[in-house]
file input-v1.csv (CSV, C-alpha atoms and all ligand atoms)
chain,number,residue,atom,x,y,z
D,1,MET,CA,147.3,-47.7,29.1
D,2,GLN,CA,147.5,-50.5,26.6
D,3,ILE,CA,144.0,-52.0,25.9
D,4,SER,CA,143.7,-55.5,24.4
D,5,THR,CA,140.5,-56.4,22.6
D,6,THR,CA,138.8,-59.8,22.3
D,7,HIS,CA,135.8,-59.4,20.0
D,8,ASN,CA,132.5,-61.1,20.9
D,9,PRO,CA,132.2,-64.1,18.6
D,10,GLN,CA,128.4,-63.9,19.0
D,11,PRO,CA,127.3,-60.3,18.9
D,12,VAL,CA,123.6,-59.5,19.0
D,13,ASP,CA,122.4,-59.7,15.4
D,14,ASP,CA,121.3,-56.7,13.4
D,15,ALA,CA,117.6,-57.5,13.5
D,16,ARG,CA,117.5,-58.0,17.3
D,17,LEU,CA,119.7,-54.8,17.8
D,18,ALA,CA,117.2,-52.8,15.7
D,19,GLU,CA,114.4,-54.1,17.9
D,20,ILE,CA,116.3,-53.2,21.1
D,21,LEU,CA,117.2,-49.7,19.8
D,22,ALA,CA,113.6,-49.0,18.8
D,23,ASN,CA,112.5,-49.2,22.4
D,24,PRO,CA,115.6,-49.5,24.7
D,25,GLY,CA,113.9,-48.4,28.0
D,26,PHE,CA,116.7,-47.8,30.6
D,27,GLY,CA,119.3,-50.2,31.9
D,28,GLN,CA,117.8,-53.4,30.5
D,29,PHE,CA,120.0,-54.3,27.5
D,30,PHE,CA,123.8,-54.3,27.5
D,31,THR,CA,126.2,-54.0,24.6
D,32,ASP,CA,128.3,-56.8,23.2
D,33,HIS,CA,131.5,-55.9,25.2
D,34,MET,CA,132.8,-54.6,28.5
D,35,PHE,CA,136.0,-53.0,29.6
D,36,THR,CA,138.0,-54.2,32.6
D,37,VAL,CA,141.3,-53.1,34.3
D,38,GLU,CA,142.5,-54.4,37.6
D,39,TRP,CA,144.7,-53.0,40.4
D,40,THR,CA,147.0,-54.6,43.0
D,41,PRO,CA,149.5,-52.8,45.2
D,42,ASP,CA,152.4,-54.5,43.5
D,43,ALA,CA,151.4,-54.3,39.8
D,44,GLY,CA,149.3,-51.1,39.9
D,45,TRP,CA,146.7,-50.8,37.2
D,46,HIS,CA,147.1,-53.7,34.7
D,47,GLY,CA,145.4,-56.0,32.3
D,48,ALA,CA,143.3,-53.4,30.6
D,49,ARG,CA,141.0,-55.3,28.2
D,50,ILE,CA,137.8,-55.2,26.2
D,51,GLU,CA,136.1,-58.6,26.0
D,52,PRO,CA,132.7,-60.1,25.4
D,53,TYR,CA,130.0,-58.8,27.9
D,54,GLY,CA,129.2,-61.5,30.5
D,55,PRO,CA,128.8,-62.4,34.1
D,56,LEU,CA,131.6,-62.0,36.7
D,57,THR,CA,132.7,-64.9,38.9
D,58,LEU,CA,133.2,-63.6,42.4
D,59,ASP,CA,134.2,-65.5,45.5
D,60,PRO,CA,131.4,-65.2,48.1
D,61,ALA,CA,134.0,-63.5,50.4
D,62,THR,CA,134.7,-60.7,47.9
D,63,ALA,CA,135.0,-57.4,49.9
D,64,VAL,CA,132.5,-55.3,47.9
D,65,LEU,CA,129.7,-57.8,48.6
D,66,HIS,CA,130.1,-57.2,52.4
D,67,TYR,CA,131.3,-53.6,53.0
D,68,ALA,CA,130.2,-51.8,49.8
D,69,GLN,CA,133.5,-50.4,48.9
D,70,GLU,CA,132.4,-49.2,45.4
D,71,THR,CA,132.0,-46.1,43.3
D,72,PHE,CA,130.4,-45.5,40.0
D,73,GLU,CA,129.8,-42.9,37.3
D,74,GLY,CA,126.9,-42.3,34.8
D,75,MET,CA,127.4,-40.6,31.5
D,76,LYS,CA,126.0,-40.8,27.9
D,77,ALA,CA,127.3,-41.1,24.3
D,78,TYR,CA,125.2,-39.2,21.8
D,79,ARG,CA,125.0,-39.8,18.0
D,80,HIS,CA,124.9,-36.6,16.0
D,81,ASP,CA,123.0,-36.3,12.7
D,82,ALA,CA,126.1,-36.8,10.6
D,83,GLY,CA,126.8,-40.1,12.3
D,84,SER,CA,129.6,-39.0,14.6
D,85,ILE,CA,129.5,-40.1,18.3
D,86,TRP,CA,130.3,-37.8,21.2
D,87,SER,CA,130.3,-37.7,25.0
D,88,PHE,CA,129.6,-34.8,27.3
D,89,ARG,CA,132.4,-33.5,29.6
D,90,PRO,CA,133.9,-37.0,30.2
D,91,GLU,CA,136.9,-35.5,32.0
D,92,GLU,CA,134.4,-34.2,34.6
D,93,ASN,CA,133.2,-37.8,35.2
D,94,ALA,CA,136.8,-38.9,35.4
D,95,ALA,CA,137.7,-36.2,37.9
D,96,ARG,CA,134.6,-37.0,40.0
D,97,MET,CA,135.5,-40.7,40.0
D,98,ALA,CA,138.9,-39.8,41.3
D,99,ARG,CA,137.3,-37.8,44.1
D,100,SER,CA,134.9,-40.6,44.9
D,101,SER,CA,137.8,-43.1,44.8
D,102,LYS,CA,139.7,-41.1,47.4
D,103,ARG,CA,136.7,-41.0,49.7
D,104,LEU,CA,136.2,-44.7,49.3
D,105,ALA,CA,139.9,-45.5,50.0
D,106,PHE,CA,140.5,-46.7,46.5
D,107,PRO,CA,143.5,-46.2,44.3
D,108,VAL,CA,142.9,-43.4,41.7
D,109,LEU,CA,142.6,-44.4,38.1
D,110,ASP,CA,144.3,-41.8,35.9
D,111,PRO,CA,141.5,-39.6,34.5
D,112,GLN,CA,143.0,-40.0,31.0
D,113,ASP,CA,142.8,-43.8,31.3
D,114,PHE,CA,139.2,-43.4,32.5
D,115,VAL,CA,138.3,-41.4,29.4
D,116,ALA,CA,140.3,-43.8,27.1
D,117,ALA,CA,138.4,-46.8,28.6
D,118,VAL,CA,135.0,-45.2,27.9
D,119,ASP,CA,136.0,-44.1,24.4
D,120,GLU,CA,137.3,-47.5,23.5
D,121,LEU,CA,134.2,-49.4,24.7
D,122,VAL,CA,131.9,-46.9,22.8
D,123,ARG,CA,134.1,-47.2,19.7
D,124,VAL,CA,134.0,-51.0,19.8
D,125,ASP,CA,130.2,-51.1,20.4
D,126,GLN,CA,129.3,-48.0,18.3
D,127,ARG,CA,126.5,-49.8,16.5
D,128,TRP,CA,124.7,-49.7,19.9
D,129,VAL,CA,124.5,-45.9,20.0
D,130,PRO,CA,121.0,-45.1,18.9
D,131,ASP,CA,119.9,-42.4,16.5
D,132,ALA,CA,119.4,-39.0,18.1
D,133,ALA,CA,115.7,-39.0,17.3
D,134,GLY,CA,113.6,-39.0,20.5
D,135,GLU,CA,116.6,-38.1,22.8
D,136,LYS,CA,118.0,-41.6,22.8
D,137,SER,CA,121.6,-42.3,23.8
D,138,LEU,CA,124.0,-44.9,24.9
D,139,TYR,CA,124.2,-44.8,28.7
D,140,VAL,CA,127.7,-45.6,30.0
D,141,ARG,CA,128.4,-46.9,33.5
D,142,PRO,CA,132.0,-47.0,34.7
D,143,PHE,CA,132.4,-48.5,38.2
D,144,MET,CA,135.0,-49.6,40.6
D,145,ILE,CA,134.7,-52.4,43.1
D,146,ALA,CA,136.7,-54.0,45.9
D,147,THR,CA,137.5,-57.5,44.6
D,148,GLU,CA,139.8,-58.9,47.2
D,149,LYS,CA,138.7,-62.1,48.8
D,150,PHE,CA,138.9,-61.1,52.4
D,151,LEU,CA,136.4,-60.5,55.2
D,152,GLY,CA,138.6,-58.1,57.2
D,153,VAL,CA,137.7,-54.4,57.3
D,154,ARG,CA,140.3,-52.5,55.4
D,155,PRO,CA,140.8,-51.0,51.9
D,156,SER,CA,140.8,-53.9,49.4
D,157,GLN,CA,144.1,-55.0,48.0
D,158,HIS,CA,142.5,-56.0,44.7
D,159,VAL,CA,140.4,-53.5,42.8
D,160,THR,CA,138.5,-53.9,39.6
D,161,PHE,CA,137.4,-51.0,37.3
D,162,MET,CA,134.9,-51.8,34.6
D,163,VAL,CA,132.8,-50.0,32.0
D,164,ILE,CA,129.6,-51.3,30.7
D,165,ALA,CA,127.0,-49.6,28.4
D,166,SER,CA,123.3,-49.8,27.8
D,167,PRO,CA,121.1,-48.0,25.2
D,168,ALA,CA,118.7,-45.6,26.7
D,169,GLY,CA,115.4,-44.2,25.5
D,170,ALA,CA,114.0,-40.8,26.3
D,171,TYR,CA,113.5,-40.4,30.0
D,172,PHE,CA,110.1,-38.8,29.5
D,173,LYS,CA,107.9,-40.8,27.2
D,174,GLY,CA,105.1,-38.6,25.7
D,175,GLY,CA,106.7,-35.2,26.7
D,176,VAL,CA,108.4,-33.7,29.7
D,177,LYS,CA,106.1,-33.6,32.7
D,178,PRO,CA,106.7,-32.2,36.2
D,179,VAL,CA,107.8,-34.7,38.9
D,180,THR,CA,105.9,-34.7,42.2
D,181,LEU,CA,108.0,-34.8,45.3
D,182,TRP,CA,107.8,-36.3,48.8
D,183,LEU,CA,109.6,-34.6,51.6
D,184,THR,CA,111.1,-37.2,53.9
D,185,GLU,CA,111.4,-36.1,57.5
D,186,GLU,CA,112.6,-39.4,58.8
D,187,TYR,CA,115.5,-40.3,56.5
D,188,THR,CA,118.6,-38.3,55.4
D,189,ARG,CA,121.1,-39.2,52.7
D,190,ALA,CA,124.3,-37.7,54.0
D,191,GLY,CA,125.8,-36.2,57.1
D,192,ARG,CA,128.9,-34.0,57.7
D,193,GLY,CA,132.0,-36.1,57.0
D,194,GLY,CA,129.9,-38.8,55.3
D,195,MET,CA,129.8,-40.0,51.7
D,196,GLY,CA,127.2,-37.5,50.3
D,197,ALA,CA,129.7,-36.0,47.8
D,198,ALA,CA,130.8,-39.4,46.5
D,199,LYS,CA,129.0,-41.3,43.9
D,200,THR,CA,128.7,-44.6,45.7
D,201,GLY,CA,126.2,-47.4,45.8
D,202,GLY,CA,125.7,-47.0,49.6
D,203,ASN,CA,124.1,-43.7,49.1
D,204,TYR,CA,121.6,-45.3,46.8
D,205,ALA,CA,121.0,-48.2,49.2
D,206,SER,CA,120.3,-45.6,51.9
D,207,SER,CA,117.8,-43.8,49.7
D,208,LEU,CA,115.6,-46.7,48.7
D,209,VAL,CA,113.4,-46.8,51.8
D,210,ALA,CA,112.7,-43.1,51.5
D,211,GLN,CA,111.9,-43.6,47.8
D,212,GLN,CA,109.5,-46.3,48.8
D,213,GLU,CA,107.9,-43.9,51.2
D,214,ALA,CA,107.5,-41.4,48.4
D,215,SER,CA,105.9,-43.9,46.0
D,216,GLY,CA,103.6,-45.0,48.8
D,217,GLN,CA,102.5,-41.3,49.0
D,218,GLY,CA,101.8,-41.2,45.3
D,219,CYS,CA,104.9,-39.1,44.6
D,220,ASP,CA,107.6,-39.7,41.9
D,221,GLN,CA,110.7,-38.8,43.9
D,222,VAL,CA,111.9,-38.0,47.4
D,223,VAL,CA,113.5,-34.7,48.6
D,224,PHE,CA,116.2,-35.0,51.3
D,225,LEU,CA,117.0,-32.3,53.9
D,226,ASP,CA,120.3,-31.8,55.6
D,227,ALA,CA,121.1,-34.3,58.4
D,228,GLN,CA,122.2,-31.7,61.0
D,229,GLU,CA,119.2,-29.4,61.3
D,230,GLY,CA,116.6,-31.0,59.1
D,231,LYS,CA,116.0,-27.6,57.5
D,232,TYR,CA,117.9,-27.2,54.3
D,233,VAL,CA,117.1,-28.8,51.0
D,234,GLU,CA,119.9,-31.1,49.7
D,235,GLU,CA,118.8,-32.9,46.6
D,236,LEU,CA,116.6,-35.7,45.3
D,237,GLY,CA,117.8,-39.4,45.4
D,238,GLY,CA,119.8,-38.8,42.2
D,239,MET,CA,119.2,-35.3,40.9
D,240,ASN,CA,120.3,-31.8,42.0
D,241,MET,CA,117.8,-28.9,42.5
D,242,TYR,CA,117.3,-25.4,41.2
D,243,PHE,CA,114.9,-22.6,42.4
D,244,VAL,CA,114.0,-19.7,40.1
D,245,PHE,CA,112.9,-16.4,41.5
D,246,ASP,CA,110.6,-13.8,39.9
D,247,ASP,CA,113.5,-11.4,39.6
D,248,GLY,CA,115.4,-13.9,37.5
D,249,ARG,CA,117.8,-15.0,40.2
D,250,ILE,CA,118.4,-18.8,40.5
D,251,VAL,CA,119.3,-20.6,43.7
D,252,THR,CA,120.9,-24.0,44.0
D,253,PRO,CA,121.9,-25.7,47.2
D,254,GLY,CA,125.7,-25.4,47.9
D,255,THR,CA,128.1,-28.3,47.9
D,256,GLY,CA,129.6,-30.4,50.7
D,257,THR,CA,127.0,-33.1,51.4
D,258,ILE,CA,125.3,-33.1,47.9
D,259,LEU,CA,126.6,-35.0,44.9
D,260,GLU,CA,128.1,-32.4,42.6
D,261,GLY,CA,126.3,-33.1,39.4
D,262,ILE,CA,127.9,-32.4,36.1
D,263,THR,CA,124.5,-31.3,34.8
D,264,ARG,CA,124.3,-29.1,37.8
D,265,SER,CA,127.6,-27.3,37.1
D,266,SER,CA,126.9,-27.0,33.4
D,267,ILE,CA,123.6,-25.3,34.2
D,268,ILE,CA,125.3,-22.8,36.4
D,269,GLU,CA,127.4,-21.8,33.4
D,270,LEU,CA,124.5,-21.9,30.9
D,271,ALA,CA,122.1,-19.9,33.1
D,272,GLY,CA,124.9,-17.3,33.5
D,273,LYS,CA,125.1,-17.0,29.7
D,274,LEU,CA,121.3,-16.7,29.5
D,275,GLY,CA,121.6,-13.6,31.8
D,276,HIS,CA,120.6,-15.2,35.2
D,277,GLN,CA,122.5,-14.7,38.4
D,278,VAL,CA,123.1,-18.1,40.1
D,279,GLU,CA,123.5,-18.3,43.9
D,280,GLU,CA,125.0,-21.5,45.4
D,281,ARG,CA,123.8,-21.3,49.0
D,282,LYS,CA,121.8,-23.0,51.7
D,283,PHE,CA,118.1,-23.1,50.8
D,284,SER,CA,115.6,-23.9,53.5
D,285,ILE,CA,112.4,-25.9,53.1
D,286,ASP,CA,110.5,-22.9,54.5
D,287,GLU,CA,111.9,-20.7,51.8
D,288,TRP,CA,110.5,-23.2,49.3
D,289,ARG,CA,107.0,-23.3,50.9
D,290,GLU,CA,106.8,-19.5,51.3
D,291,GLY,CA,108.4,-18.8,47.9
D,292,VAL,CA,105.9,-20.9,46.0
D,293,SER,CA,102.9,-19.7,48.1
D,294,SER,CA,103.8,-16.0,47.6
D,295,GLY,CA,104.6,-16.5,43.9
D,296,ARG,CA,108.2,-15.3,44.4
D,297,ILE,CA,109.5,-18.7,43.3
D,298,THR,CA,108.3,-19.1,39.7
D,299,GLU,CA,109.9,-22.4,38.8
D,300,ILE,CA,111.7,-25.3,40.4
D,301,PHE,CA,113.6,-27.9,38.5
D,302,ALA,CA,115.9,-30.9,39.0
D,303,CYS,CA,118.7,-32.1,36.9
D,304,GLY,CA,120.9,-35.1,36.2
D,305,THR,CA,122.4,-37.1,33.3
D,306,ALA,CA,119.4,-39.4,33.0
D,307,ALA,CA,116.6,-36.9,32.8
D,308,VAL,CA,118.8,-33.9,31.9
D,309,VAL,CA,116.3,-31.3,33.3
D,310,THR,CA,112.9,-32.0,34.7
D,311,PRO,CA,110.4,-29.5,36.1
D,312,VAL,CA,109.3,-30.0,39.7
D,313,GLY,CA,105.6,-30.0,40.5
D,314,SER,CA,104.0,-30.2,43.9
D,315,LEU,CA,105.7,-31.0,47.2
D,316,LYS,CA,104.0,-33.2,49.8
D,317,TRP,CA,105.0,-33.9,53.3
D,318,ASP,CA,103.3,-35.5,56.4
D,319,GLY,CA,100.4,-33.1,56.9
D,320,GLY,CA,100.7,-30.7,54.1
D,321,GLU,CA,101.4,-29.9,50.5
D,322,VAL,CA,102.6,-26.9,48.4
D,323,SER,CA,101.5,-26.8,44.8
D,324,ALA,CA,103.6,-26.6,41.7
D,325,PRO,CA,105.2,-23.2,40.8
D,326,ALA,CA,103.4,-21.2,38.1
D,327,SER,CA,105.8,-21.6,35.2
D,328,THR,CA,108.2,-24.0,33.5
D,329,ASP,CA,109.5,-21.6,30.8
D,330,LEU,CA,113.1,-21.2,31.9
D,331,THR,CA,113.3,-24.9,32.9
D,332,MET,CA,112.4,-25.9,29.3
D,333,LYS,CA,114.7,-23.2,27.9
D,334,VAL,CA,117.7,-24.5,29.9
D,335,ARG,CA,116.7,-28.1,29.1
D,336,GLN,CA,116.6,-27.4,25.3
D,337,ALA,CA,119.8,-25.4,25.3
D,338,LEU,CA,121.7,-28.4,27.0
D,339,VAL,CA,120.1,-31.1,24.9
D,340,ASP,CA,120.9,-29.1,21.7
D,341,ILE,CA,124.6,-28.9,22.7
D,342,GLN,CA,124.6,-32.6,23.5
D,343,TYR,CA,123.1,-33.7,20.2
D,344,GLY,CA,125.2,-31.3,18.2
D,345,ARG,CA,122.3,-29.1,17.2
D,346,ALA,CA,123.7,-26.0,18.7
D,347,GLU,CA,127.2,-24.5,18.8
D,348,ASP,CA,129.3,-26.0,21.6
D,349,ALA,CA,130.4,-22.6,22.9
D,350,PHE,CA,131.8,-24.0,26.2
D,351,GLY,CA,133.8,-26.8,24.5
D,352,TRP,CA,131.9,-29.5,26.4
D,353,MET,CA,131.6,-32.1,23.7
D,354,HIS,CA,134.2,-34.8,23.3
D,355,ARG,CA,134.3,-36.7,20.0
D,356,ILE,CA,134.7,-40.5,20.2
D,357,VAL,CA,133.8,-41.7,16.6
A,401,LIG,C1,124.8,-38.8,39.7
A,401,LIG,C2,124.0,-38.0,40.7
A,401,LIG,C3,123.5,-36.8,40.4
A,401,LIG,C4,123.6,-36.1,39.1
A,401,LIG,O1,124.8,-36.0,38.6
A,401,LIG,P1,125.1,-35.7,37.0
A,401,LIG,O2,126.6,-35.7,36.9
A,401,LIG,O3,124.4,-34.5,36.6
A,401,LIG,O4,124.5,-36.9,36.3
A,401,LIG,C5,122.8,-36.1,41.4
A,401,LIG,N1,122.7,-36.7,42.7
A,401,LIG,C6,123.2,-37.9,43.0
A,401,LIG,C7,123.0,-38.4,44.3
A,401,LIG,C8,123.9,-38.6,42.0
A,401,LIG,O5,124.3,-39.8,42.3
call {"tool": "encode", "arguments": {"input": "input-v1.csv", "output": "structure tokens", "more": "lines below"}}
Ligand SMILES: *Cc1c(COP(=O)(O)O)cnc(C)c1O
result
Amino acid sequence: MQISTTHNPQPVDDARLAEILANPGFGQFFTDHMFTVEWTPDAGWHGARIEPYGPLTLDPATAVLHYAQETFEGMKAYRHDAGSIWSFRPEENAARMARSSKRLAFPVLDPQDFVAAVDELVRVDQRWVPDAAGEKSLYVRPFMIATEKFLGVRPSQHVTFMVIASPAGAYFKGGVKPVTLWLTEEYTRAGRGGMGAAKTGGNYASSLVAQQEASGQGCDQVVFLDAQEGKYVEELGGMNMYFVFDDGRIVTPGTGTILEGITRSSIIELAGKLGHQVEERKFSIDEWREGVSSGRITEIFACGTAAVVTPVGSLKWDGGEVSAPASTDLTMKVRQALVDIQYGRAEDAFGWMHRIV
């Protein structure tokens, strides 16, 4: 893939950039450039370019605005102490976008081109990658949208893949603290044959009302159960779950209707190396309630690119509550191990890190 570059004639000045990077928050500020490549049946993928960041002009009849044919990814670029910049398992994000693309009836972008696009944007906007201090990073958001101007229902004949980036502060300000969860019994996020395993905006649209319910109940996040029986734990709105037993075993819900997190699969490998047996299987909500009450479940945690790993506290539902498990020791150990690899403070024994600059 040949990428042409048009530099932004008015990049954010150094003083303003320093101000932004001192307190970036999440998803509020965007770098000076963006990457775009387009697809049509005749030309295939073409016109790969980096150009100044700015608004898109879309016809009101653009397909994505009506039928939500879209998929996205979320990943981070980390600055190491020596100044180099790295991403974490980008080929996994590329492979997942290829899987999501198939589910959304999109053409597949070559995973190598996906990684090249992310690398080139981060390289051009490298001054936007914050110092590692305080777990800051550059959050990278690749996404694919149906850009054909047509109101008929069929796969779009014009597709646009873009990459944008936004500096991100630490997910937890003032230290890691357990999230409280609300169990929704009214809403589900994915059914058999649905889009649960694809990273697509529609799943998030579907989760918002349940998240609203959780907030109304004073909880941080919502837990979804399987759609068929309403019995098995799936995941949170955007994080996968882990249950730690007193004999060292760790259970995580199996795949199919959950989104297969890259953090999730990395933890399966890491936990194995730390001497824990990891079981991927169905995990019922009753097993959660009984396990915490009896003390057999000693820790619960959730994971995803944004928060890395977060301990789970109490679980509330309509008419009941189960308190937080006793410990967060392994949770914090796994979290530290992963963060240390990402920021280059520990040996990358799995070969997960990919150097960009
Ligand atoms: C992105 C996402 C996750 C976490 O995946 P990571 O690759 O670990 O960031 C979990 N659940 C949902 C629904 C997601 O969209």
call {"tool": "residues_near_ligand", "arguments": {"input": "input-v1.csv", "ligand": "ligand LIG 401 (chain A)", "cutoff": "8 Å", "atoms": "all atoms listed in the file", "output": "NGL selection string"}}
result
:D and (73-75 or 93 or 196-200 or 203-204 or 235-240 or 258-265 or 303-306 or 308)
call {"tool": "closest_atom_pairs", "arguments": {"input": "input-v1.csv", "of": "range 68-170 of chain D", "to": "range 18-35 of chain D", "cutoff": "12 Å", "atoms": "only C-alpha atoms", "output": "tab-separated table"}}
result
residue	atom	partner	partner_atom	distance
D:Gly74	CA	D:Gly27	CA	11.3
D:Lys76	CA	D:Phe26	CA	11.9
D:Asp113	CA	D:Phe35	CA	11.6
D:Phe114	CA	D:Phe35	CA	10.5
D:Val115	CA	D:Phe35	CA	11.8
D:Ala116	CA	D:Phe35	CA	10.5
D:Ala117	CA	D:Phe35	CA	6.7
D:Val118	CA	D:Phe35	CA	8.0
D:Asp119	CA	D:Phe35	CA	10.3
D:Glu120	CA	D:Phe35	CA	8.3
D:Leu121	CA	D:Phe35	CA	6.3
D:Val122	CA	D:Thr31	CA	9.3
D:Arg123	CA	D:His33	CA	10.6
D:Val124	CA	D:His33	CA	7.7
D:Asp125	CA	D:Thr31	CA	6.5
D:Gln126	CA	D:Thr31	CA	9.2
D:Arg127	CA	D:Thr31	CA	9.1
D:Trp128	CA	D:Thr31	CA	6.5
D:Val129	CA	D:Leu21	CA	8.2
D:Pro130	CA	D:Leu21	CA	6.0
D:Asp131	CA	D:Leu21	CA	8.5
D:Ala132	CA	D:Leu21	CA	11.1
D:Ala133	CA	D:Ala22	CA	10.3
D:Gly134	CA	D:Ala22	CA	10.1
D:Glu135	CA	D:Pro24	CA	11.6
D:Lys136	CA	D:Pro24	CA	8.5
D:Ser137	CA	D:Pro24	CA	9.4
D:Leu138	CA	D:Thr31	CA	9.4
D:Tyr139	CA	D:Gly27	CA	8.0
D:Val140	CA	D:Gly27	CA	9.8
D:Arg141	CA	D:Gly27	CA	9.8
D:Pro142	CA	D:Phe35	CA	8.8
D:Phe143	CA	D:Phe35	CA	10.4
D:Met144	CA	D:Phe35	CA	11.6
D:Thr160	CA	D:Phe35	CA	10.3
D:Phe161	CA	D:Phe35	CA	8.1
D:Met162	CA	D:Phe35	CA	5.3
D:Val163	CA	D:Phe35	CA	5.0
D:Ile164	CA	D:Met34	CA	5.1
D:Ala165	CA	D:Phe30	CA	5.8
D:Ser166	CA	D:Phe30	CA	4.5
D:Pro167	CA	D:Pro24	CA	5.7
D:Ala168	CA	D:Phe26	CA	4.9
D:Gly169	CA	D:Gly25	CA	5.1
D:Ala170	CA	D:Gly25	CA	7.8
call {"tool": "closest_residue", "arguments": {"input": "input-v1.csv", "among": "D:Ala302, D:Ala95, D:Val292, D:Ala271", "to": "Pro325 in chain D", "atoms": "all atoms listed in the file"}}
result
D:Val292
call {"tool": "closest_residue", "arguments": {"input": "input-v1.csv", "among": "D:Arg289, D:His7, D:Ile268, D:Glu148", "to": "Gly320 in chain D", "atoms": "all atoms listed in the file"}}
result
D:Arg289
call {"tool": "closest_residue", "arguments": {"input": "input-v1.csv", "among": "D:Thr62, D:Gln336, D:Ser215, D:Ser206", "to": "Ile267 in chain D", "atoms": "all atoms listed in the file"}}
result
D:Gln336
call {"tool": "closest_residue", "arguments": {"input": "input-v1.csv", "among": "D:Val159, D:Val12, D:Ala98, D:Val64", "to": "Trp39 in chain D", "atoms": "all atoms listed in the file"}}
result
D:Val159
call {"tool": "residues_around", "arguments": {"input": "input-v1.csv", "residues": "Ser327 in chain D", "least_positions_apart": "4", "cutoff": "12 Å", "atoms": "only C-alpha atoms", "output": "number ranges by chain"}}
result
D: 178, 243-246, 292, 295-301, 311-313, 323, 331-333
call {"tool": "write_last_selection", "arguments": {"input": "input-v1.csv", "atoms": "C-alpha atoms", "output": "PDB file, in the frame of the given file"}}
result
ATOM      1  CA  PRO D 178     106.700 -32.200  36.200  1.00  0.00           C
ATOM      2  CA  PHE D 243     114.900 -22.600  42.400  1.00  0.00           C
ATOM      3  CA  VAL D 244     114.000 -19.700  40.100  1.00  0.00           C
ATOM      4  CA  PHE D 245     112.900 -16.400  41.500  1.00  0.00           C
ATOM      5  CA  ASP D 246     110.600 -13.800  39.900  1.00  0.00           C
ATOM      6  CA  VAL D 292     105.900 -20.900  46.000  1.00  0.00           C
ATOM      7  CA  GLY D 295     104.600 -16.500  43.900  1.00  0.00           C
ATOM      8  CA  ARG D 296     108.200 -15.300  44.400  1.00  0.00           C
ATOM      9  CA  ILE D 297     109.500 -18.700  43.300  1.00  0.00           C
ATOM     10  CA  THR D 298     108.300 -19.100  39.700  1.00  0.00           C
ATOM     11  CA  GLU D 299     109.900 -22.400  38.800  1.00  0.00           C
ATOM     12  CA  ILE D 300     111.700 -25.300  40.400  1.00  0.00           C
ATOM     13  CA  PHE D 301     113.600 -27.900  38.500  1.00  0.00           C
ATOM     14  CA  PRO D 311     110.400 -29.500  36.100  1.00  0.00           C
ATOM     15  CA  VAL D 312     109.300 -30.000  39.700  1.00  0.00           C
ATOM     16  CA  GLY D 313     105.600 -30.000  40.500  1.00  0.00           C
ATOM     17  CA  SER D 323     101.500 -26.800  44.800  1.00  0.00           C
ATOM     18  CA  THR D 331     113.300 -24.900  32.900  1.00  0.00           C
ATOM     19  CA  MET D 332     112.400 -25.900  29.300  1.00  0.00           C
ATOM     20  CA  LYS D 333     114.700 -23.200  27.900  1.00  0.00           C
TER      21      LYS D 333
END
call {"tool": "closest_residue", "arguments": {"input": "input-v1.csv", "among": "D:Arg99, D:Ala214, D:Ala205, D:Glu290", "to": "Glu186 in chain D", "atoms": "only C-alpha atoms"}}
result
D:Ala214
call {"tool": "closest_residue", "arguments": {"input": "input-v1.csv", "among": "D:Arg281, D:Pro90, D:Gly216, D:Gly254", "to": "Gly351 in chain D", "atoms": "only C-alpha atoms"}}
result
D:Pro90
call {"tool": "atom_distance", "arguments": {"input": "input-v1.csv", "atom1": "CA of Ser87 in chain D", "atom2": "CA of Ala337 in chain D"}}
result
16.2 Å
call {"tool": "residues_around", "arguments": {"input": "input-v1.csv", "residues": "Ser284 in chain D", "least_positions_apart": "3", "cutoff": "6 Å", "atoms": "all atoms listed in the file", "output": "number ranges by chain"}}
result
D: 231-233, 287
call {"tool": "residues_near_point", "arguments": {"input": "input-v1.csv", "point": "(128.0, -57.1, 54.0)", "cutoff": "12 Å", "atoms": "only C-alpha atoms", "output": "count of residues only"}}
result
15
call {"tool": "atom_distance", "arguments": {"input": "input-v1.csv", "atom1": "CA of Thr310 in chain D", "atom2": "CA of Gly191 in chain D"}}
result
26.2 Å
call {"tool": "residues_near_point", "arguments": {"input": "input-v1.csv", "point": "(117.6, -39.3, 57.4)", "cutoff": "9 Å", "atoms": "all atoms listed in the file", "output": "list in words"}}
result
Thr184, Glu185, Glu186, Tyr187, Thr188, Arg189, Ala190, Gly191, Ser206, Ser207, Ala210, Phe224, Leu225, Asp226, Ala227 and Gly230 of chain D
call {"tool": "atom_distance", "arguments": {"input": "input-v1.csv", "atom1": "CA of Gln157 in chain D", "atom2": "CA of Trp45 in chain D"}}
result
11.9 Å
